[in-house]
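Worksheet: the structure to be examined is printed underneath.
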Amino acid sequence: MAKKKFYDSEIAEVKALEDRFNFIKNPVLRENVAINMQYIIFLLSIEAEYELPGAVTYSTFKTIIIFTASIVESLIHYKLSELIAEKKIEEDQIMGREKKYSQIKELYKISTTERICGVKEITNAKRLSDDTDFCELNKAAKRCKLFTEEIFQKAEKIRKMRNRIHPYSLKEVDDKYEKRDIDDIFSTTRIIIERIEKYE
């Protein structure tokens, strides 16, 4: 049986969404952000048009939160990378420092499971990388004044909402999402995107 085509004038074309994000110079990132946005719009249109069973509605809202958070996270990373490349900020001043340990030598064996060791400790500036997590990105954005305290708190709220979704960390059934949560994350995301777009 052939699948039916889904037609909906409410779902924007990827090209139109790319135009909205034309401040992103990286064409791959711009298209990926546009694709994520298109999917979010699709999910919203489904939820608005159909009466979905409760669990499906909550799952739809959770998916919207995850995809929205991924857009915010990628835009923060992109903007920090741009500012570093343009030498408007110093990477070692915004990324904090990390300690690494090497040359571990056993000094004294206490038992079969415990020992006292000596190590070489090296403190280096962290680097912005593909592995830099959302929490570190938010802190770096605040350190370089890309984020005000208020915007930092908004970005942290999105990060925490996204993290709360992981099923393994939940202590209760995760079925508390409502349309107002989605409206809230969208208004917060809009503020963050505008800040990233206009900040120089």
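Letters A, B, ... go to the chains of the structure tokens in the order shown; residues in each chain start at 1; ligands are counted from 1 in the same order.
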Find the residues of region 101-186 of chain A that sit at most 12 Å from region 26-46 of chain A; for each, write down the nearest two atoms and how far apart they are in Å, to one decimal. Count only C-alpha atoms. Sort by chain, then by number going up, and give it as a tab-separated table.
```
residue	atom	partner	partner_atom	distance
A:Lys179	CA	A:Leu44	CA	9.6
A:Ile182	CA	A:Leu44	CA	9.4
A:Asp183	CA	A:Leu44	CA	10.7
A:Phe186	CA	A:Ile40	CA	10.7
```
Selection near Arg97 (chain A), 8 Å with only C-alpha atoms, sequence-local residues under 4 positions removed, as an NGL selection string: :A and (92 or 123-126)
Residues of region 2-194 of chain A in strand (DSSP E or B), written as a PyMOL selection string: chain A and resi 97-109+115-125
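As for CA of Ile193 (chain A) and CA of Tyr58 (chain A), they are spaced 25.3 Å apart.
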If you take only C-alpha atoms and a cut-off of 7 Å, which residues of region 78-166 of chain A touch region 59-72 of chain A, and what are their nearest atom pairs and distances in Å to one decimal, in chain and number order, as JSON lines?
```
{"residue": "A:Ile158", "atom": "CA", "partner": "A:Ala69", "partner_atom": "CA", "distance": 6.1}
{"residue": "A:Arg159", "atom": "CA", "partner": "A:Ala69", "partner_atom": "CA", "distance": 6.6}
{"residue": "A:Arg162", "atom": "CA", "partner": "A:Ile66", "partner_atom": "CA", "distance": 5.6}
{"residue": "A:Ile165", "atom": "CA", "partner": "A:Lys62", "partner_atom": "CA", "distance": 7.0}
```
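Of the residues under consideration (A:Ile110, A:Ile122, A:Cys117, A:Ile196), A:Ile196 shows the shortest atom-to-atom contact distance to Leu146 (chain A) when counting only C-alpha atoms.
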Filtered DSSP result for region 31-124 of chain A, state alpha helix (DSSP H), as number ranges by chain: A: 31-49, 54-85, 91-94
Shell of 12 Å around Leu80 (chain A), only C-alpha atoms, local chain residues under 2 positions omitted, as number ranges by chain: A: 73-78, 82-91, 94-95, 127-130, 132, 136-147, 196-197, 199-200
Could the residues in this selection be saved with C-alpha atoms as an mmCIF file, in the first residue's frame?
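Final file, again_35.cif:
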```
data_model
loop_
_atom_site.group_PDB
_atom_site.id
_atom_site.type_symbol
_atom_site.label_atom_id
_atom_site.label_comp_id
_atom_site.auth_asym_id
_atom_site.auth_seq_id
_atom_site.Cartn_x
_atom_site.Cartn_y
_atom_site.Cartn_z
ATOM 1 C CA GLU A 73 23.057 24.738 21.930
ATOM 2 C CA SER A 74 24.380 24.663 18.355
ATOM 3 C CA LEU A 75 23.858 28.419 17.894
ATOM 4 C CA ILE A 76 25.736 29.228 21.105
ATOM 5 C CA HIS A 77 28.611 26.998 19.986
ATOM 6 C CA TYR A 78 28.571 28.588 16.542
ATOM 7 C CA GLU A 82 32.900 32.889 15.364
ATOM 8 C CA LEU A 83 33.908 35.315 18.103
ATOM 9 C CA ILE A 84 37.086 33.314 18.780
ATOM 10 C CA ALA A 85 37.958 33.074 15.058
ATOM 11 C CA GLU A 86 37.428 36.828 14.649
ATOM 12 C CA LYS A 87 39.647 37.415 17.724
ATOM 13 C CA LYS A 88 36.871 39.323 19.481
ATOM 14 C CA ILE A 89 37.226 37.055 22.510
ATOM 15 C CA GLU A 90 40.096 34.988 23.893
ATOM 16 C CA GLU A 91 39.334 31.281 24.103
ATOM 17 C CA ILE A 94 36.085 32.165 28.452
ATOM 18 C CA MET A 95 36.460 28.392 28.566
ATOM 19 C CA ARG A 127 39.283 24.533 24.408
ATOM 20 C CA LEU A 128 35.983 25.009 22.640
ATOM 21 C CA SER A 129 35.390 21.720 20.832
ATOM 22 C CA ASP A 130 32.607 19.584 19.419
ATOM 23 C CA THR A 132 31.926 21.073 24.810
ATOM 24 C CA GLU A 136 30.032 24.912 29.552
ATOM 25 C CA LEU A 137 28.735 26.780 26.490
ATOM 26 C CA ASN A 138 26.340 28.791 28.637
ATOM 27 C CA LYS A 139 29.104 29.660 31.119
ATOM 28 C CA ALA A 140 31.455 30.703 28.306
ATOM 29 C CA ALA A 141 28.726 32.835 26.716
ATOM 30 C CA LYS A 142 28.230 34.598 30.051
ATOM 31 C CA ARG A 143 31.976 35.105 30.614
ATOM 32 C CA CYS A 144 32.404 36.872 27.266
ATOM 33 C CA LYS A 145 29.237 38.972 27.741
ATOM 34 C CA LEU A 146 27.406 37.271 24.864
ATOM 35 C CA PHE A 147 24.855 36.446 27.567
ATOM 36 C CA ILE A 196 23.189 35.663 19.108
ATOM 37 C CA GLU A 197 22.147 37.190 15.772
ATOM 38 C CA TYR A 199 25.788 40.444 19.112
ATOM 39 C CA GLU A 200 29.097 41.668 17.663
#
```
All residues 9 Å or closer to Lys154 (chain A), only C-alpha atoms, same chain fewer than 2 positions away omitted, as a list in words: Glu149, Glu150, Ile151, Phe152, Glu156, Lys157, Ile158, Arg159, Ile185, Thr188, Thr189, Ile191 and Ile192 of chain A
Those residues with N, CA and C atoms, as a JSON list (two decimals), in the first residue's frame please?
```
[["chain", "number", "residue", "atom", "x", "y", "z"],
["A", 149, "GLU", "N", 23.21, 38.14, 32.53],
["A", 149, "GLU", "CA", 22.78, 37.21, 33.58],
["A", 149, "GLU", "C", 21.37, 36.68, 33.27],
["A", 150, "GLU", "N", 20.51, 37.56, 32.81],
["A", 150, "GLU", "CA", 19.12, 37.16, 32.51],
["A", 150, "GLU", "C", 19.07, 36.13, 31.37],
["A", 151, "ILE", "N", 19.82, 36.39, 30.30],
["A", 151, "ILE", "CA", 19.82, 35.45, 29.17],
["A", 151, "ILE", "C", 20.51, 34.14, 29.55],
["A", 152, "PHE", "N", 21.56, 34.23, 30.38],
["A", 152, "PHE", "CA", 22.21, 33.03, 30.88],
["A", 152, "PHE", "C", 21.21, 32.14, 31.61],
["A", 156, "GLU", "N", 20.03, 28.38, 30.66],
["A", 156, "GLU", "CA", 20.13, 27.31, 31.64],
["A", 156, "GLU", "C", 18.79, 26.61, 31.84],
["A", 157, "LYS", "N", 17.72, 27.38, 31.79],
["A", 157, "LYS", "CA", 16.38, 26.79, 31.94],
["A", 157, "LYS", "C", 16.11, 25.81, 30.80],
["A", 158, "ILE", "N", 16.48, 26.19, 29.57],
["A", 158, "ILE", "CA", 16.29, 25.31, 28.42],
["A", 158, "ILE", "C", 17.15, 24.05, 28.59],
["A", 159, "ARG", "N", 18.39, 24.24, 29.00],
["A", 159, "ARG", "CA", 19.30, 23.10, 29.20],
["A", 159, "ARG", "C", 18.73, 22.13, 30.24],
["A", 185, "ILE", "N", 9.28, 27.89, 26.22],
["A", 185, "ILE", "CA", 10.60, 27.60, 25.65],
["A", 185, "ILE", "C", 10.79, 28.34, 24.33],
["A", 188, "THR", "N", 11.59, 32.05, 25.11],
["A", 188, "THR", "CA", 12.96, 32.11, 25.62],
["A", 188, "THR", "C", 13.96, 31.91, 24.49],
["A", 189, "THR", "N", 13.70, 30.95, 23.63],
["A", 189, "THR", "CA", 14.59, 30.67, 22.50],
["A", 189, "THR", "C", 14.68, 31.87, 21.56],
["A", 191, "ILE", "N", 14.45, 35.01, 22.28],
["A", 191, "ILE", "CA", 15.33, 36.02, 22.91],
["A", 191, "ILE", "C", 16.80, 35.64, 22.72],
["A", 192, "ILE", "N", 17.12, 34.37, 22.93],
["A", 192, "ILE", "CA", 18.50, 33.90, 22.80],
["A", 192, "ILE", "C", 18.97, 34.02, 21.35]]
```
